[in-house]
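Asker: My questions all concern the structure below.
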Amino acid sequence: MIGGVVNTAYSRHPAWRTAARERELMEEPVNQEASVQAAEDRTMDLIFTELKAHLSYLNDVYNLAFHVQTHLDGQRIADIPHLARAQYMILMRATDFVRCVQLLCLKGYPEQAGTLAASVFELAHTALFLERDAAKSSEWLNARSIEDQMPKGVLGTNWREVVRLNTNDSGDVTVAEREYQVYTQLCWMKHSLPKMQDMRVESDGKVGLIFGPYSDERSINHAWFSMEHVGRLTEMVMGLLAAKLGDSLLSTALTSITQTRDSLRQRAIARFGDDNPFLDATA
């Protein structure tokens with residue numbers, strides 16, 4: 001599995017977000033705005049140490065993305081090939097998502113961060129597909145209607161097929177399967193499947209809603225997963241541009257960042273496991 005998994009052992013048991021913790025977060029002043037802010041501040045204090053390494057990794061990704069964009073300095077738009085222009089635009093948008101994912105995870109909303117990471121997955125695989133079929137770059141740049149949306153409007157297919165085409169060169173069909181599973185898990189968060197978030201059932205059978213900010217073990221799992229993959233996917237786009245730019249410093253920095261991410265992946269696997277969450281998806 002690429003980068004560890006969202007551990008569904010936690011997801012199937014919303015009691016991980018304990019009633020005691022929810023009551024603690026509710027014990028704030030009556031002023032709702034102040035209450036939410038206080039809860040978020042306390043959550044940040046609780047989880048910062050857990051998230052610090054991933055936040056630092058995303059800082060490096062974010063800063064390097066701006067270095068890539070300095071290569072546009074002094075260029076006229078007409079002088080930029082459509083493929084590079086499209087990939088720069090995708091990187092620009094992904095960079096904003098990286099920052100938002102950082103902030104959401106730090107505030108205690110990892111599932112919402114995963115929703116944004118799913119969008120970055122689509123952006124990165126769009127950039128990679130355009131690399132394989134540069135003529136599609138013009139269609140993508142000229143899209144003016146929701147009917148022209150990716151992937152069906154421009155590519156004429158779905159995301160599973162896009163991922164398959166993008167990973168064909170690996171020679172290993174399981175690469176596409178593993179990559180698409182990452183997208184599916186991010187979409188679990190995006191579409192609010194009960195596997196990701198359910199109602200809380202008290203010992204007396206009464207139910208209550210579960211709402212953030214979150215600081216439990218499952219939330220750390222989801223935050224790590226979202227931050228790792230939003231960074232990895234942004235690296236993917238930078239790598240496409242680096243190949244065109246001939247920037248040795250950029251290539252060296254990308255290699256270093258990838259090594260950092262690989263170490264974070266191993267930490268995630270050691271803590272949360274690397275089991276296929278789709279083997280018992282109906283449980």
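A note on labels: chains of the structure tokens are A, B, ... as shown, every chain counts residues from 1, and ligands are counted from 1 in their shown order.
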Once you count only C-alpha atoms, what closest atom pair and distance in Å to one decimal does each residue of region 132-232 of chain A within 10 Å of region 40-62 of chain A have, with rows by chain and rising residue number, as JSON lines?

Answerer:
```
{"residue": "A:Gly212", "atom": "CA", "partner": "A:Glu40", "partner_atom": "CA", "distance": 8.4}
{"residue": "A:Pro213", "atom": "CA", "partner": "A:Glu40", "partner_atom": "CA", "distance": 5.9}
{"residue": "A:Tyr214", "atom": "CA", "partner": "A:Thr43", "partner_atom": "CA", "distance": 6.9}
{"residue": "A:Ser215", "atom": "CA", "partner": "A:Thr43", "partner_atom": "CA", "distance": 6.0}
{"residue": "A:Asp216", "atom": "CA", "partner": "A:Ile47", "partner_atom": "CA", "distance": 8.7}
{"residue": "A:Glu217", "atom": "CA", "partner": "A:Ile47", "partner_atom": "CA", "distance": 9.9}
{"residue": "A:Ser219", "atom": "CA", "partner": "A:Ile47", "partner_atom": "CA", "distance": 9.6}
{"residue": "A:Ile220", "atom": "CA", "partner": "A:Glu50", "partner_atom": "CA", "distance": 7.3}
{"residue": "A:Ala223", "atom": "CA", "partner": "A:Leu51", "partner_atom": "CA", "distance": 7.8}
{"residue": "A:Trp224", "atom": "CA", "partner": "A:His54", "partner_atom": "CA", "distance": 6.8}
{"residue": "A:Phe225", "atom": "CA", "partner": "A:His54", "partner_atom": "CA", "distance": 9.6}
{"residue": "A:Ser226", "atom": "CA", "partner": "A:His54", "partner_atom": "CA", "distance": 9.8}
{"residue": "A:Met227", "atom": "CA", "partner": "A:His54", "partner_atom": "CA", "distance": 6.5}
{"residue": "A:Glu228", "atom": "CA", "partner": "A:His54", "partner_atom": "CA", "distance": 7.0}
{"residue": "A:Val230", "atom": "CA", "partner": "A:Leu58", "partner_atom": "CA", "distance": 8.4}
{"residue": "A:Gly231", "atom": "CA", "partner": "A:Leu58", "partner_atom": "CA", "distance": 6.0}
{"residue": "A:Arg232", "atom": "CA", "partner": "A:Val61", "partner_atom": "CA", "distance": 8.7}
```

Asker: In region 18-243 of chain A, what's alpha helix (DSSP H) per DSSP? Answer as a PDB file with C-alpha atoms, in the first residue's frame?

Answerer:
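Contents of part.pdb, as written:
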```pdb
ATOM      1  CA  ALA A  19     -17.971  10.374  25.152  1.00  0.00           C
ATOM      2  CA  ALA A  20     -15.666  11.644  27.902  1.00  0.00           C
ATOM      3  CA  ARG A  21     -13.602  13.569  25.411  1.00  0.00           C
ATOM      4  CA  GLU A  22     -16.674  15.044  23.734  1.00  0.00           C
ATOM      5  CA  ARG A  23     -18.012  16.183  27.101  1.00  0.00           C
ATOM      6  CA  GLU A  24     -14.639  17.734  27.894  1.00  0.00           C
ATOM      7  CA  LEU A  25     -14.727  19.739  24.684  1.00  0.00           C
ATOM      8  CA  MET A  26     -18.250  20.890  25.509  1.00  0.00           C
ATOM      9  CA  GLN A  32     -20.222  29.161  20.860  1.00  0.00           C
ATOM     10  CA  GLU A  33     -17.566  31.043  18.910  1.00  0.00           C
ATOM     11  CA  ALA A  34     -15.292  31.233  21.938  1.00  0.00           C
ATOM     12  CA  SER A  35     -16.031  27.590  22.743  1.00  0.00           C
ATOM     13  CA  VAL A  36     -14.999  26.315  19.317  1.00  0.00           C
ATOM     14  CA  GLN A  37     -11.863  28.462  19.299  1.00  0.00           C
ATOM     15  CA  ALA A  38     -10.880  27.219  22.747  1.00  0.00           C
ATOM     16  CA  ALA A  39     -11.465  23.608  21.718  1.00  0.00           C
ATOM     17  CA  GLU A  40      -9.373  24.055  18.580  1.00  0.00           C
ATOM     18  CA  ASP A  41      -6.566  25.732  20.510  1.00  0.00           C
ATOM     19  CA  ARG A  42      -6.520  22.878  23.025  1.00  0.00           C
ATOM     20  CA  THR A  43      -6.580  20.316  20.228  1.00  0.00           C
ATOM     21  CA  MET A  44      -3.595  21.973  18.558  1.00  0.00           C
ATOM     22  CA  ASP A  45      -1.695  21.786  21.835  1.00  0.00           C
ATOM     23  CA  LEU A  46      -2.557  18.091  22.152  1.00  0.00           C
ATOM     24  CA  ILE A  47      -1.657  16.969  18.646  1.00  0.00           C
ATOM     25  CA  PHE A  48       1.164  19.279  17.548  1.00  0.00           C
ATOM     26  CA  THR A  49       3.924  16.898  18.664  1.00  0.00           C
ATOM     27  CA  GLU A  50       2.198  14.038  16.815  1.00  0.00           C
ATOM     28  CA  LEU A  51       1.921  16.081  13.617  1.00  0.00           C
ATOM     29  CA  LYS A  52       5.171  18.048  13.792  1.00  0.00           C
ATOM     30  CA  ALA A  53       7.209  15.895  11.391  1.00  0.00           C
ATOM     31  CA  HIS A  54       4.431  15.803   8.789  1.00  0.00           C
ATOM     32  CA  LEU A  55       3.830  19.542   9.081  1.00  0.00           C
ATOM     33  CA  SER A  56       7.559  20.149   8.560  1.00  0.00           C
ATOM     34  CA  TYR A  57       7.541  17.883   5.507  1.00  0.00           C
ATOM     35  CA  LEU A  58       4.651  19.855   3.991  1.00  0.00           C
ATOM     36  CA  ASN A  59       6.492  23.110   4.714  1.00  0.00           C
ATOM     37  CA  ASP A  60       9.353  21.794   2.588  1.00  0.00           C
ATOM     38  CA  VAL A  61       6.956  20.786  -0.200  1.00  0.00           C
ATOM     39  CA  TYR A  62       5.232  24.166  -0.072  1.00  0.00           C
ATOM     40  CA  ASN A  63       8.489  26.133  -0.185  1.00  0.00           C
ATOM     41  CA  LEU A  64       9.918  24.044  -3.012  1.00  0.00           C
ATOM     42  CA  ALA A  65       6.773  24.601  -5.079  1.00  0.00           C
ATOM     43  CA  PHE A  66       7.467  28.329  -4.933  1.00  0.00           C
ATOM     44  CA  HIS A  67      11.049  27.724  -6.047  1.00  0.00           C
ATOM     45  CA  VAL A  68       9.699  25.855  -9.091  1.00  0.00           C
ATOM     46  CA  GLN A  69       7.488  28.804  -9.961  1.00  0.00           C
ATOM     47  CA  HIS A  82       0.719  24.512 -23.292  1.00  0.00           C
ATOM     48  CA  LEU A  83       1.852  21.402 -21.432  1.00  0.00           C
ATOM     49  CA  ALA A  84       4.159  23.328 -19.096  1.00  0.00           C
ATOM     50  CA  ARG A  85       1.566  26.068 -18.648  1.00  0.00           C
ATOM     51  CA  ALA A  86      -1.083  23.539 -17.634  1.00  0.00           C
ATOM     52  CA  GLN A  87       1.270  21.829 -15.190  1.00  0.00           C
ATOM     53  CA  TYR A  88       2.348  25.141 -13.650  1.00  0.00           C
ATOM     54  CA  MET A  89      -1.318  26.041 -13.137  1.00  0.00           C
ATOM     55  CA  ILE A  90      -1.969  22.662 -11.523  1.00  0.00           C
ATOM     56  CA  LEU A  91       1.044  23.127  -9.235  1.00  0.00           C
ATOM     57  CA  MET A  92      -0.169  26.607  -8.271  1.00  0.00           C
ATOM     58  CA  ARG A  93      -3.546  25.205  -7.236  1.00  0.00           C
ATOM     59  CA  ALA A  94      -2.049  22.204  -5.454  1.00  0.00           C
ATOM     60  CA  THR A  95       0.230  24.520  -3.462  1.00  0.00           C
ATOM     61  CA  ASP A  96      -2.789  26.283  -1.972  1.00  0.00           C
ATOM     62  CA  PHE A  97      -4.319  22.919  -1.082  1.00  0.00           C
ATOM     63  CA  VAL A  98      -1.106  21.884   0.697  1.00  0.00           C
ATOM     64  CA  ARG A  99      -1.369  24.861   3.017  1.00  0.00           C
ATOM     65  CA  CYS A 100      -5.062  24.263   3.681  1.00  0.00           C
ATOM     66  CA  VAL A 101      -4.435  20.595   4.505  1.00  0.00           C
ATOM     67  CA  GLN A 102      -1.755  21.647   7.001  1.00  0.00           C
ATOM     68  CA  LEU A 103      -4.092  24.057   8.743  1.00  0.00           C
ATOM     69  CA  LEU A 104      -7.041  21.662   8.860  1.00  0.00           C
ATOM     70  CA  CYS A 105      -4.953  18.838  10.323  1.00  0.00           C
ATOM     71  CA  LEU A 106      -3.415  21.138  12.921  1.00  0.00           C
ATOM     72  CA  LYS A 107      -6.870  22.447  13.894  1.00  0.00           C
ATOM     73  CA  PRO A 110      -8.276  15.482   9.360  1.00  0.00           C
ATOM     74  CA  GLU A 111     -11.241  14.102   7.399  1.00  0.00           C
ATOM     75  CA  GLN A 112     -11.833  17.542   5.908  1.00  0.00           C
ATOM     76  CA  ALA A 113      -8.123  17.643   5.020  1.00  0.00           C
ATOM     77  CA  GLY A 114      -8.563  14.293   3.277  1.00  0.00           C
ATOM     78  CA  THR A 115     -11.338  15.803   1.197  1.00  0.00           C
ATOM     79  CA  LEU A 116      -8.899  18.402  -0.134  1.00  0.00           C
ATOM     80  CA  ALA A 117      -6.225  15.756  -0.660  1.00  0.00           C
ATOM     81  CA  ALA A 118      -8.662  13.891  -2.927  1.00  0.00           C
ATOM     82  CA  SER A 119      -8.826  17.001  -5.112  1.00  0.00           C
ATOM     83  CA  VAL A 120      -5.024  17.150  -5.251  1.00  0.00           C
ATOM     84  CA  PHE A 121      -5.002  13.492  -6.324  1.00  0.00           C
ATOM     85  CA  GLU A 122      -7.164  14.447  -9.288  1.00  0.00           C
ATOM     86  CA  LEU A 123      -4.983  17.460 -10.098  1.00  0.00           C
ATOM     87  CA  ALA A 124      -1.736  15.479  -9.947  1.00  0.00           C
ATOM     88  CA  HIS A 125      -3.037  12.681 -12.135  1.00  0.00           C
ATOM     89  CA  THR A 126      -4.357  15.256 -14.583  1.00  0.00           C
ATOM     90  CA  ALA A 127      -0.842  16.709 -14.823  1.00  0.00           C
ATOM     91  CA  LEU A 128       0.617  13.233 -15.320  1.00  0.00           C
ATOM     92  CA  PHE A 129      -1.938  12.310 -17.981  1.00  0.00           C
ATOM     93  CA  LEU A 130      -1.214  15.520 -19.885  1.00  0.00           C
ATOM     94  CA  GLU A 131       2.461  14.538 -19.849  1.00  0.00           C
ATOM     95  CA  ARG A 132       1.482  11.388 -21.725  1.00  0.00           C
ATOM     96  CA  LYS A 136      -4.873  17.366 -24.332  1.00  0.00           C
ATOM     97  CA  SER A 137      -3.207  20.323 -22.568  1.00  0.00           C
ATOM     98  CA  SER A 138      -4.840  22.765 -24.975  1.00  0.00           C
ATOM     99  CA  GLU A 139      -8.265  21.226 -24.350  1.00  0.00           C
ATOM    100  CA  TRP A 140      -7.711  21.453 -20.615  1.00  0.00           C
ATOM    101  CA  LEU A 141      -6.593  25.100 -20.830  1.00  0.00           C
ATOM    102  CA  LYS A 152     -14.519  12.581 -18.694  1.00  0.00           C
ATOM    103  CA  GLY A 153     -14.947  15.913 -20.492  1.00  0.00           C
ATOM    104  CA  VAL A 154     -11.313  16.169 -21.599  1.00  0.00           C
ATOM    105  CA  LEU A 155      -9.983  12.630 -21.329  1.00  0.00           C
ATOM    106  CA  TRP A 159     -10.264   8.302 -12.684  1.00  0.00           C
ATOM    107  CA  ARG A 160      -9.627   4.567 -12.351  1.00  0.00           C
ATOM    108  CA  GLU A 161      -8.697   4.399 -16.031  1.00  0.00           C
ATOM    109  CA  VAL A 162      -6.613   7.581 -15.760  1.00  0.00           C
ATOM    110  CA  VAL A 163      -4.617   6.004 -12.925  1.00  0.00           C
ATOM    111  CA  ARG A 164      -4.175   2.794 -14.926  1.00  0.00           C
ATOM    112  CA  LEU A 165      -2.861   4.715 -17.933  1.00  0.00           C
ATOM    113  CA  ASN A 166      -0.590   6.859 -15.752  1.00  0.00           C
ATOM    114  CA  VAL A 173      -0.497  -3.899 -12.587  1.00  0.00           C
ATOM    115  CA  THR A 174      -0.624  -3.773  -8.788  1.00  0.00           C
ATOM    116  CA  VAL A 175       0.848  -0.246  -8.835  1.00  0.00           C
ATOM    117  CA  ALA A 176      -2.380   1.088 -10.344  1.00  0.00           C
ATOM    118  CA  GLU A 177      -4.442  -0.861  -7.821  1.00  0.00           C
ATOM    119  CA  ARG A 178      -2.491   0.508  -4.868  1.00  0.00           C
ATOM    120  CA  GLU A 179      -2.587   4.058  -6.198  1.00  0.00           C
ATOM    121  CA  TYR A 180      -6.319   3.927  -6.845  1.00  0.00           C
ATOM    122  CA  GLN A 181      -6.882   2.586  -3.327  1.00  0.00           C
ATOM    123  CA  VAL A 182      -5.287   5.768  -1.984  1.00  0.00           C
ATOM    124  CA  TYR A 183      -7.827   7.797  -3.970  1.00  0.00           C
ATOM    125  CA  THR A 184     -10.674   5.621  -2.727  1.00  0.00           C
ATOM    126  CA  GLN A 185      -9.642   6.083   0.891  1.00  0.00           C
ATOM    127  CA  LEU A 186      -9.432   9.861   0.434  1.00  0.00           C
ATOM    128  CA  CYS A 187     -12.893   9.725  -1.132  1.00  0.00           C
ATOM    129  CA  TRP A 188     -14.168   7.881   1.934  1.00  0.00           C
ATOM    130  CA  MET A 189     -13.425  11.101   3.776  1.00  0.00           C
ATOM    131  CA  LYS A 190     -14.686  13.292   0.939  1.00  0.00           C
ATOM    132  CA  GLU A 217      -5.745   7.985  17.563  1.00  0.00           C
ATOM    133  CA  ARG A 218      -7.903   7.581  14.489  1.00  0.00           C
ATOM    134  CA  SER A 219      -7.616  11.296  13.784  1.00  0.00           C
ATOM    135  CA  ILE A 220      -3.825  11.131  13.910  1.00  0.00           C
ATOM    136  CA  ASN A 221      -3.999   8.200  11.476  1.00  0.00           C
ATOM    137  CA  HIS A 222      -6.151  10.203   9.051  1.00  0.00           C
ATOM    138  CA  ALA A 223      -4.076  13.365   9.433  1.00  0.00           C
ATOM    139  CA  TRP A 224      -0.822  11.540   8.665  1.00  0.00           C
ATOM    140  CA  PHE A 225      -2.414   9.845   5.672  1.00  0.00           C
ATOM    141  CA  SER A 226      -3.831  13.105   4.272  1.00  0.00           C
ATOM    142  CA  MET A 227      -0.608  15.069   4.751  1.00  0.00           C
ATOM    143  CA  GLU A 228       1.624  12.355   3.342  1.00  0.00           C
ATOM    144  CA  HIS A 229      -0.386  11.995   0.166  1.00  0.00           C
ATOM    145  CA  VAL A 230      -1.071  15.657  -0.492  1.00  0.00           C
ATOM    146  CA  GLY A 231       2.696  16.128  -0.293  1.00  0.00           C
ATOM    147  CA  ARG A 232       3.483  13.092  -2.438  1.00  0.00           C
ATOM    148  CA  LEU A 233       1.044  14.165  -5.138  1.00  0.00           C
ATOM    149  CA  THR A 234       2.439  17.703  -5.184  1.00  0.00           C
ATOM    150  CA  GLU A 235       5.928  16.197  -5.473  1.00  0.00           C
ATOM    151  CA  MET A 236       4.632  14.329  -8.521  1.00  0.00           C
ATOM    152  CA  VAL A 237       3.713  17.566 -10.283  1.00  0.00           C
ATOM    153  CA  MET A 238       7.003  19.226  -9.348  1.00  0.00           C
ATOM    154  CA  GLY A 239       8.862  16.218 -10.706  1.00  0.00           C
ATOM    155  CA  LEU A 240       7.189  16.627 -14.097  1.00  0.00           C
ATOM    156  CA  LEU A 241       8.295  20.252 -14.264  1.00  0.00           C
ATOM    157  CA  ALA A 242      11.776  19.515 -12.918  1.00  0.00           C
ATOM    158  CA  ALA A 243      12.385  17.169 -15.844  1.00  0.00           C
TER     159      ALA A 243
END
```

Asker: Enumerate as a PyMOL selection string all residues of region 41-279 of chain A assigned to strand (DSSP E) by DSSP on the backbone, naming them with the chain letters and numbers the document uses.

Answerer: chain A and resi 200-201+207-208

Asker: What does the distance from CA of Ser145 (chain A) to CA of Asp133 (chain A) come to in Å, to one decimal?

Answerer: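 Distance reported for this atom pair: 21.2 Å.
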
Asker: So how far away is CA of Ile80 (chain A) from CA of Asn142 (chain A), in Å?

Answerer: 15.1 Å

Asker: Can you tell me which residues surround region 260-267 of chain A at a distance of at most 7 Å, considering only C-alpha atoms, apart from same-chain residues fewer than 2 positions away, and format the answer as an MDAnalysis selection string?

Answerer: chainID A and resid 3:4 57 228 256:258 269:271

Asker: How would the residues just chosen look if you wrote them out with N, CA and C atoms as a PDB file, in the first residue's frame?

Answerer:
```pdb
ATOM      1  N   GLY A   3       2.196   4.465   1.111  1.00  0.00           N
ATOM      2  CA  GLY A   3       2.149   5.432   2.201  1.00  0.00           C
ATOM      3  C   GLY A   3       1.323   5.038   3.396  1.00  0.00           C
ATOM      4  N   GLY A   4       1.190   3.729   3.668  1.00  0.00           N
ATOM      5  CA  GLY A   4       0.341   3.344   4.781  1.00  0.00           C
ATOM      6  C   GLY A   4      -1.112   3.445   4.380  1.00  0.00           C
ATOM      7  N   TYR A  57       7.424  18.419   6.870  1.00  0.00           N
ATOM      8  CA  TYR A  57       7.541  17.883   5.507  1.00  0.00           C
ATOM      9  C   TYR A  57       6.722  18.713   4.523  1.00  0.00           C
ATOM     10  N   GLU A 228       0.644  13.082   4.148  1.00  0.00           N
ATOM     11  CA  GLU A 228       1.624  12.355   3.342  1.00  0.00           C
ATOM     12  C   GLU A 228       1.248  12.390   1.865  1.00  0.00           C
ATOM     13  N   SER A 256      15.554  14.767  -1.615  1.00  0.00           N
ATOM     14  CA  SER A 256      15.600  14.867  -0.156  1.00  0.00           C
ATOM     15  C   SER A 256      14.202  14.821   0.447  1.00  0.00           C
ATOM     16  N   ILE A 257      13.274  15.529  -0.171  1.00  0.00           N
ATOM     17  CA  ILE A 257      11.902  15.548   0.334  1.00  0.00           C
ATOM     18  C   ILE A 257      11.274  14.160   0.238  1.00  0.00           C
ATOM     19  N   THR A 258      11.543  13.478  -0.864  1.00  0.00           N
ATOM     20  CA  THR A 258      11.008  12.126  -1.033  1.00  0.00           C
ATOM     21  C   THR A 258      11.544  11.192   0.043  1.00  0.00           C
ATOM     22  N   ILE A 269       3.317   2.988   8.914  1.00  0.00           N
ATOM     23  CA  ILE A 269       3.128   1.544   8.836  1.00  0.00           C
ATOM     24  C   ILE A 269       3.422   0.894  10.183  1.00  0.00           C
ATOM     25  N   ALA A 270       4.480   1.345  10.852  1.00  0.00           N
ATOM     26  CA  ALA A 270       4.832   0.772  12.155  1.00  0.00           C
ATOM     27  C   ALA A 270       3.729   1.010  13.178  1.00  0.00           C
ATOM     28  N   ARG A 271       3.070   2.147  13.079  1.00  0.00           N
ATOM     29  CA  ARG A 271       2.055   2.498  14.082  1.00  0.00           C
ATOM     30  C   ARG A 271       0.664   1.987  13.735  1.00  0.00           C
TER      31      ARG A 271
END
```
